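**Student:** Pasting a structure here, questions to come.
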Amino acid sequence: MKRGPSTFNIAAIALGMAFLYLPILLLVVFSFNASKLVTVWGGFSTRWYGALFQDQQMLDAIGVTLRVGTVSATIATVLGTLAALALTRVGGFRGRLLFSGMIYAPLVMPEVILGLSLLLLFVAVGAPRGIWTVTASHATMTLCYAAVVIQARLASFDRSLEEAARDLGRTPFQAFFEVTLPNIAPAVAAAWMLAFTLSLDDLVIASFTSGPGSTTLPMRIYSQVRLGVNPEINAVSTLLIGLVATGVIAAYLIQQRQRATTDRV
Amino acid sequence: MTTSSRLNIGAVRYSFAPWEDPAARPLIRFDGVVKRFGDDVAVNGISLDIYEKEFFALLGPSGCGKTTLMRMLAGFETPDAGTITLEGEDILDKPAHRRPVNMMFQSYALFPHLNVEQNIAFGLKHLPGEERKDRVLDMLALVRLEGLARRKPDQLSGGQRQRVALARAIAPRPRLLLLDEPLAALDKKLRDETQFELVALQERLGMTFMVVTHDQEEAMVMSTRVAVMDKGQIVQVGRPAEVYETPNSRYVADFIGEVNLFEARVTQAGSGTLKLTGGNCPAGYEVREDTPIPPGTAVWLAVRPEKIQVTQDRPPAGANGMAGKVADIGYLGDWTTYLVTVPGGMTVRAARANAARIVERPIDWDDEVWLTFSPDAAVVLTS
């Protein structure tokens with residue numbers, strides 16, 4: 001029997017990887033281009049990164065994005081934890097299936113529809129569009145992801161730990177904060193990272209729900225690109241890629257470490 | 001369950017028997033406790049008294065309701081009917097965290113994010129700092145884990161974890177300690193040692209222990225009294241020796257230890273002796289029994305394997321003697337078990353202590369042997 005990957009396999013993997021990452025690589029490389037022309041290499045330079053930090057509009061957009069990301073990820077994590085608790089702990093309440101279905105629906109819902117429906121809601125209740133409507137919308141969008149991550153951890157959590165805490169004089173509320181939360185903390189952190197990352201790179205929902213003064217970074221990039229690509233866009237995109245990649249890898253590593261410790265016990 | 005005058009069973013601490021004292025007040029009283037899960041009745045009307053300083057064992061197969069009974073005491077389940085009182089006070093309206101009852105979990109449930117010391121101190125939040133420190137040190141010394149105070153649970157062996165779990169449950173000095181299958185996760189050798197350690201510890205602390213187990217040896221070795229459970233009900237309560245030597249039903253006889261059950265019919269009753277006939281013993285049975293049973297009643301005779309003598313020579317003719325053929329031999333080192341086929345096709349289990357190293361005429365497969373037991377050895381069971 002033939003062992004190891006065949007030539008065909010190697011070629012397939014190489015092509016696949018190139019297909020996925022070559023554009024990104026190109027973008028990163030050209031962000032260090034000295035030339036003003038996007039597609040012509042004019043030597044190595046970090047001038048566009050310098051220019052980026054002079055561009056007040058771009059800096060504002062970064063600020064909005066970070067604030068929206070932080071707040072919406074926090075809201076989504078808190079609500080996601082509660083939803084996950086309800087789904088793993090409260091066995092068989094009325095409408096449990098419906099509830100879990102509704103929690104996970106945004107995972108597969110087209111973003112355009114989610115964005116549009118949120119916009120309609122905000123218009124209907126007369127909420128002025130701005131940074132808070134974007135934040136609320138992102139929390140809605142990322143809640144289900146947070147719930148999935150935390151629910152997976154809670155499912156393998158030994159409930160007798162909580163009972164032991166109650167047995168030793170803690171109210172159910174105290175038991176949760178002193179025993180359950182410290183033990184599911186890595187999953188909670190991973191959920192937060194994931195929610196934050198998703199919020200960072202969302203364009204569609206932000207476009208629907210933002211108002212004046214709440215332009216997020218992806219929106220800013222998109223509108224600039226329509227006027228013509230300049231190397232500054234490449235620079236800011238490279239930073240965004242770096243941030244998102246860090247977030248995803250951190251979330252993954254935290255979960256891996258958690259798995260390693262639970263396996264040992 | 002009282003001990004009849006002629007039966008002097010076992011060598012267990014006889015002086016301690018608060019359950020025989022009508023003036024004694026129980027520490028825990030279950031009264032008509034019922035618990036259902038959906039259509040399943042887990043606990044079906046249990047009334048039971050447990051006294052101070054007892055080491056009480058709930059013994060039964062899995063699914064018999066013993067764990068549910070214990071969890072109701074700890075406050076993790078609420079009975080559907082009946083009451084549970086502790087020192088005469090109803091504890092059912094108290095939540096788990098306000099009951100003076102602690103539990104050692106089967107999985108140990110040690111907090112993985114806390115070290116040994118912090119685990120033990122977890123239930124001592126109410127104590128001032130100095131006292132808490134002293135108590136933790138006492139507990140560490142008690143379970144001989146002084147050097148491991150800073151270890152996390154995942155850095156401990158199974159036996160060490162078991163001791164941390166025990167120390168943590170004892171530390172708040174509960175009125176009652178519940179132990180859920182405390183030795184199930186240990187290997188045989190460690191289990192044997194730990195059984196005796198637990199008893200010594202319980203006597204030293206003067207604490208009341210209630211243990212749930214499916215392992216009869218564990219229950220017999222450790223407890224002052226055993227309650228044998230089946231299908232949500234208590235079948236028999238008594239000292240380990242009482243339950244073993246005078247089981248009140250075939251279920252108990254069969255569940256605790258090995259037993260041979262001979263079907264028989266009473267032919268003659270009088271002055272403490274019953275004469276019976278049965279298919280397995282053409283010579284007829286003769287059994288000592290104080291309770292009068294009318295002739296004609298169908299009963300079972302329960303005889304433990306170690307109370308049946310196996311001989312190669314024909315014993316003097318009389319009751320309780322059966323000829324048979326050795327079908328199988330199990331050599332256990334300290335004991336040898338013989339499976340002997342007797343008239344009626346029944347296979348009788350007889351055990352013999354291997355007191356001598358060398359036997360001149362060892363019993364072999366297919367040997368013709370004689371089985372006898374004394375009139376004292378058999379228990380007459382009507383249910």
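Ligands are numbered from 1 in the order shown, chains are lettered A, B, ... in the order of the structure tokens, and residues start at 1 in each chain.
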Can you pull out the residues contacting B:Arg29? Cut-off 10 Å, using only C-alpha atoms, and skip same-chain residues under 5 positions away; I want them as a ChimeraX atom specification.
**Tutor:** /B:46-51,83-90
**Student:** Print the selection's residues with N, CA and C atoms to a file, as a JSON list (two decimals), in the first residue's frame.
**Tutor:**
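Result went into out.json, see below:
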```
[["chain", "number", "residue", "atom", "x", "y", "z"],
["B", 46, "ILE", "N", -40.12, 5.21, 52.42],
["B", 46, "ILE", "CA", -39.10, 4.71, 53.34],
["B", 46, "ILE", "C", -39.19, 5.42, 54.68],
["B", 47, "SER", "N", -39.21, 4.63, 55.74],
["B", 47, "SER", "CA", -39.12, 5.17, 57.09],
["B", 47, "SER", "C", -37.91, 4.53, 57.74],
["B", 48, "LEU", "N", -37.07, 5.37, 58.32],
["B", 48, "LEU", "CA", -35.78, 4.87, 58.79],
["B", 48, "LEU", "C", -35.23, 5.83, 59.83],
["B", 49, "ASP", "N", -34.66, 5.26, 60.91],
["B", 49, "ASP", "CA", -34.02, 6.09, 61.94],
["B", 49, "ASP", "C", -32.53, 5.84, 61.92],
["B", 50, "ILE", "N", -31.76, 6.90, 62.00],
["B", 50, "ILE", "CA", -30.31, 6.77, 62.10],
["B", 50, "ILE", "C", -29.88, 7.51, 63.35],
["B", 51, "TYR", "N", -29.03, 6.85, 64.15],
["B", 51, "TYR", "CA", -28.67, 7.42, 65.45],
["B", 51, "TYR", "C", -27.29, 8.05, 65.43],
["B", 83, "THR", "N", -41.50, 13.06, 55.43],
["B", 83, "THR", "CA", -40.68, 14.09, 56.07],
["B", 83, "THR", "C", -39.31, 13.52, 56.40],
["B", 84, "ILE", "N", -38.34, 14.42, 56.50],
["B", 84, "ILE", "CA", -37.01, 14.06, 56.98],
["B", 84, "ILE", "C", -36.68, 15.04, 58.09],
["B", 85, "THR", "N", -36.37, 14.51, 59.27],
["B", 85, "THR", "CA", -36.03, 15.39, 60.38],
["B", 85, "THR", "C", -34.62, 15.11, 60.86],
["B", 86, "LEU", "N", -33.96, 16.16, 61.32],
["B", 86, "LEU", "CA", -32.64, 16.05, 61.93],
["B", 86, "LEU", "C", -32.77, 16.57, 63.35],
["B", 87, "GLU", "N", -32.52, 15.73, 64.32],
["B", 87, "GLU", "CA", -32.71, 16.05, 65.74],
["B", 87, "GLU", "C", -34.10, 16.62, 65.98],
["B", 88, "GLY", "N", -35.08, 15.99, 65.35],
["B", 88, "GLY", "CA", -36.47, 16.40, 65.56],
["B", 88, "GLY", "C", -36.91, 17.61, 64.76],
["B", 89, "GLU", "N", -35.97, 18.20, 64.02],
["B", 89, "GLU", "CA", -36.31, 19.42, 63.28],
["B", 89, "GLU", "C", -36.43, 19.10, 61.80],
["B", 90, "ASP", "N", -37.52, 19.56, 61.20],
["B", 90, "ASP", "CA", -37.73, 19.31, 59.77],
["B", 90, "ASP", "C", -36.65, 20.03, 58.96]]
```
**Student:** From the DSSP assignment of the backbone, select every residue of stretch 152-232 of chain B that is strand (DSSP E or B), and format the answer as a list in words.
**Tutor:**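 Here are the strand (DSSP E or B) residues of stretch 152-232 of chain B: Leu176, Leu177, Leu178, Leu179, Asp180, Thr208, Phe209, Met210, Val211, Val212, Thr213, Arg225, Val226, Ala227, Val228, Met229 and Asp230 of chain B.
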**Student:** Would you kindly report the residues of chain B within 7 Å of chain A, using only C-alpha atoms, as an mmCIF file with C-alpha atoms, in the first residue's frame?
**Tutor:**
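Contents of the output file out.cif:
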```
data_model
loop_
_atom_site.group_PDB
_atom_site.id
_atom_site.type_symbol
_atom_site.label_atom_id
_atom_site.label_comp_id
_atom_site.auth_asym_id
_atom_site.auth_seq_id
_atom_site.Cartn_x
_atom_site.Cartn_y
_atom_site.Cartn_z
ATOM 1 C CA ALA B 96 -28.692 22.447 50.749
ATOM 2 C CA HIS B 97 -26.284 25.184 51.805
ATOM 3 C CA ARG B 98 -27.966 25.637 55.185
ATOM 4 C CA ASN B 102 -21.881 17.358 54.235
ATOM 5 C CA MET B 103 -21.334 14.943 51.437
ATOM 6 C CA ALA B 109 -15.955 16.764 43.015
ATOM 7 C CA LEU B 110 -12.735 18.503 44.035
ATOM 8 C CA PHE B 111 -12.555 22.040 42.700
ATOM 9 C CA HIS B 113 -9.075 25.558 40.135
ATOM 10 C CA PHE B 122 -13.931 26.036 51.067
ATOM 11 C CA GLY B 123 -16.552 25.046 53.630
ATOM 12 C CA ASP B 154 -4.906 17.031 38.967
#
```
**Student:** Show which residues sit within 6 Å of stretch 239-244 of chain B, as a ChimeraX atom specification. Count only C-alpha atoms, and ignore same-chain residues fewer than 5 positions away.
**Tutor:** /B:10,220,224-226
**Student:** The selected residues should be written to file as a PDB file, in the first residue's frame (atoms: N, CA and C atoms).
**Tutor:**
```pdb
ATOM      1  N   GLY B  10     -21.678 -12.990  65.644  1.00  0.00           N
ATOM      2  CA  GLY B  10     -20.594 -12.065  65.341  1.00  0.00           C
ATOM      3  C   GLY B  10     -19.909 -11.531  66.577  1.00  0.00           C
ATOM      4  N   MET B 220     -20.354  -4.338  54.977  1.00  0.00           N
ATOM      5  CA  MET B 220     -20.208  -5.246  56.116  1.00  0.00           C
ATOM      6  C   MET B 220     -19.038  -4.821  56.998  1.00  0.00           C
ATOM      7  N   THR B 224     -22.057  -0.003  61.337  1.00  0.00           N
ATOM      8  CA  THR B 224     -22.692  -0.529  62.537  1.00  0.00           C
ATOM      9  C   THR B 224     -24.006  -1.205  62.162  1.00  0.00           C
ATOM     10  N   ARG B 225     -24.715  -0.594  61.220  1.00  0.00           N
ATOM     11  CA  ARG B 225     -25.930  -1.223  60.706  1.00  0.00           C
ATOM     12  C   ARG B 225     -25.989  -1.072  59.191  1.00  0.00           C
ATOM     13  N   VAL B 226     -26.628  -2.041  58.565  1.00  0.00           N
ATOM     14  CA  VAL B 226     -26.791  -2.034  57.120  1.00  0.00           C
ATOM     15  C   VAL B 226     -28.279  -2.020  56.808  1.00  0.00           C
TER      16      VAL B 226
END
```
**Student:** Restricting the calculation to only C-alpha atoms, which member of B:Ser271, B:Asn354, B:Thr372, B:Asn115 is positioned closest to B:Pro316?
**Tutor:**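 The answer is B:Thr372, which sits nearest to B:Pro316.
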**Student:** Contacts of B:Met222 at 12 Å or less, counting only C-alpha atoms, minus same-chain residues fewer than 5 places along, as a PyMOL selection string?
**Tutor:** chain B and resi 12-13+54-59+179+182-183+191-203+209-213+215-217+239-241
**Student:** Fewer than 4 positions away in the same chain doesn't count, so skip those; otherwise give me all residues within 8 Å of A:Ala187, counting only C-alpha atoms, as a PDB file with N, CA and C atoms, in the first residue's frame.
**Tutor:**
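Written output follows (part.pdb):
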```pdb
ATOM      1  N   VAL A 149     -20.054  28.220  21.952  1.00  0.00           N
ATOM      2  CA  VAL A 149     -18.755  27.923  22.561  1.00  0.00           C
ATOM      3  C   VAL A 149     -18.916  27.574  24.043  1.00  0.00           C
ATOM      4  N   ILE A 150     -19.722  28.357  24.761  1.00  0.00           N
ATOM      5  CA  ILE A 150     -19.855  28.145  26.202  1.00  0.00           C
ATOM      6  C   ILE A 150     -20.685  26.900  26.498  1.00  0.00           C
ATOM      7  N   ARG A 153     -18.634  23.788  26.535  1.00  0.00           N
ATOM      8  CA  ARG A 153     -17.857  23.610  27.764  1.00  0.00           C
ATOM      9  C   ARG A 153     -18.763  23.158  28.908  1.00  0.00           C
ATOM     10  N   ALA A 191     -15.078  32.714  23.929  1.00  0.00           N
ATOM     11  CA  ALA A 191     -16.321  33.230  23.353  1.00  0.00           C
ATOM     12  C   ALA A 191     -16.221  34.735  23.145  1.00  0.00           C
ATOM     13  N   ILE A 254      -6.683  29.117  23.972  1.00  0.00           N
ATOM     14  CA  ILE A 254      -7.317  29.073  25.291  1.00  0.00           C
ATOM     15  C   ILE A 254      -8.144  27.804  25.422  1.00  0.00           C
ATOM     16  N   GLN A 255      -8.886  27.487  24.352  1.00  0.00           N
ATOM     17  CA  GLN A 255      -9.731  26.289  24.413  1.00  0.00           C
ATOM     18  C   GLN A 255      -8.891  25.020  24.456  1.00  0.00           C
ATOM     19  N   GLN A 258      -7.540  24.556  27.928  1.00  0.00           N
ATOM     20  CA  GLN A 258      -8.629  24.123  28.787  1.00  0.00           C
ATOM     21  C   GLN A 258      -8.866  22.619  28.625  1.00  0.00           C
TER      22      GLN A 258
END
```
**Student:** One number please: atom CA of A:Ala189 to atom CA of A:Pro110, in Å, one decimal.
**Tutor:** 26.4 Å
**Student:** Would you mind listing what lies within 7 Å of stretch 198-207 of chain A as a ChimeraX atom specification, with only C-alpha atoms counted and same-chain residues fewer than 2 positions away left out?
**Tutor:** /A:65,69,111-112,115,134,138,142,194-196,209-210,218-219
**Student:** Could you dump the residues just selected with N, CA and C atoms as a PDB file, in the first residue's frame?
**Tutor:**
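Contents of part.pdb, freshly written:
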```
ATOM      1  N   THR A  65     -14.686  51.097  15.882  1.00  0.00           N
ATOM      2  CA  THR A  65     -14.686  49.644  15.745  1.00  0.00           C
ATOM      3  C   THR A  65     -14.261  48.963  17.043  1.00  0.00           C
ATOM      4  N   GLY A  69     -16.677  46.722  19.223  1.00  0.00           N
ATOM      5  CA  GLY A  69     -16.243  45.331  19.416  1.00  0.00           C
ATOM      6  C   GLY A  69     -16.203  44.964  20.884  1.00  0.00           C
ATOM      7  N   GLU A 111     -26.744  37.691   6.570  1.00  0.00           N
ATOM      8  CA  GLU A 111     -26.455  38.923   7.306  1.00  0.00           C
ATOM      9  C   GLU A 111     -27.298  40.087   6.797  1.00  0.00           C
ATOM     10  N   VAL A 112     -27.553  40.079   5.484  1.00  0.00           N
ATOM     11  CA  VAL A 112     -28.335  41.178   4.916  1.00  0.00           C
ATOM     12  C   VAL A 112     -29.709  41.228   5.575  1.00  0.00           C
ATOM     13  N   GLY A 115     -29.396  42.404   9.149  1.00  0.00           N
ATOM     14  CA  GLY A 115     -29.145  43.846   9.144  1.00  0.00           C
ATOM     15  C   GLY A 115     -30.412  44.626   8.835  1.00  0.00           C
ATOM     16  N   VAL A 134     -25.259  50.061  16.390  1.00  0.00           N
ATOM     17  CA  VAL A 134     -24.298  49.099  15.830  1.00  0.00           C
ATOM     18  C   VAL A 134     -23.887  48.105  16.905  1.00  0.00           C
ATOM     19  N   HIS A 138     -24.434  44.107  16.772  1.00  0.00           N
ATOM     20  CA  HIS A 138     -23.323  43.156  16.833  1.00  0.00           C
ATOM     21  C   HIS A 138     -23.486  42.173  17.982  1.00  0.00           C
ATOM     22  N   THR A 142     -23.473  38.173  17.437  1.00  0.00           N
ATOM     23  CA  THR A 142     -22.414  37.307  17.970  1.00  0.00           C
ATOM     24  C   THR A 142     -22.866  36.477  19.163  1.00  0.00           C
ATOM     25  N   LEU A 194     -14.007  35.487  20.167  1.00  0.00           N
ATOM     26  CA  LEU A 194     -14.700  35.174  18.920  1.00  0.00           C
ATOM     27  C   LEU A 194     -15.702  36.280  18.585  1.00  0.00           C
ATOM     28  N   ALA A 195     -16.470  36.689  19.581  1.00  0.00           N
ATOM     29  CA  ALA A 195     -17.469  37.732  19.371  1.00  0.00           C
ATOM     30  C   ALA A 195     -16.793  39.040  18.959  1.00  0.00           C
ATOM     31  N   PHE A 196     -15.690  39.352  19.616  1.00  0.00           N
ATOM     32  CA  PHE A 196     -14.948  40.575  19.305  1.00  0.00           C
ATOM     33  C   PHE A 196     -14.453  40.541  17.856  1.00  0.00           C
ATOM     34  N   THR A 209     -27.017  49.493  10.220  1.00  0.00           N
ATOM     35  CA  THR A 209     -27.452  49.999  11.524  1.00  0.00           C
ATOM     36  C   THR A 209     -26.656  51.193  12.029  1.00  0.00           C
ATOM     37  N   SER A 210     -25.631  51.612  11.284  1.00  0.00           N
ATOM     38  CA  SER A 210     -24.850  52.739  11.795  1.00  0.00           C
ATOM     39  C   SER A 210     -25.469  54.052  11.330  1.00  0.00           C
ATOM     40  N   PRO A 218     -14.315  48.605   8.795  1.00  0.00           N
ATOM     41  CA  PRO A 218     -14.636  47.961   7.518  1.00  0.00           C
ATOM     42  C   PRO A 218     -15.464  48.880   6.614  1.00  0.00           C
ATOM     43  N   MET A 219     -16.372  49.662   7.199  1.00  0.00           N
ATOM     44  CA  MET A 219     -17.173  50.590   6.387  1.00  0.00           C
ATOM     45  C   MET A 219     -16.280  51.652   5.764  1.00  0.00           C
TER      46      MET A 219
END
```
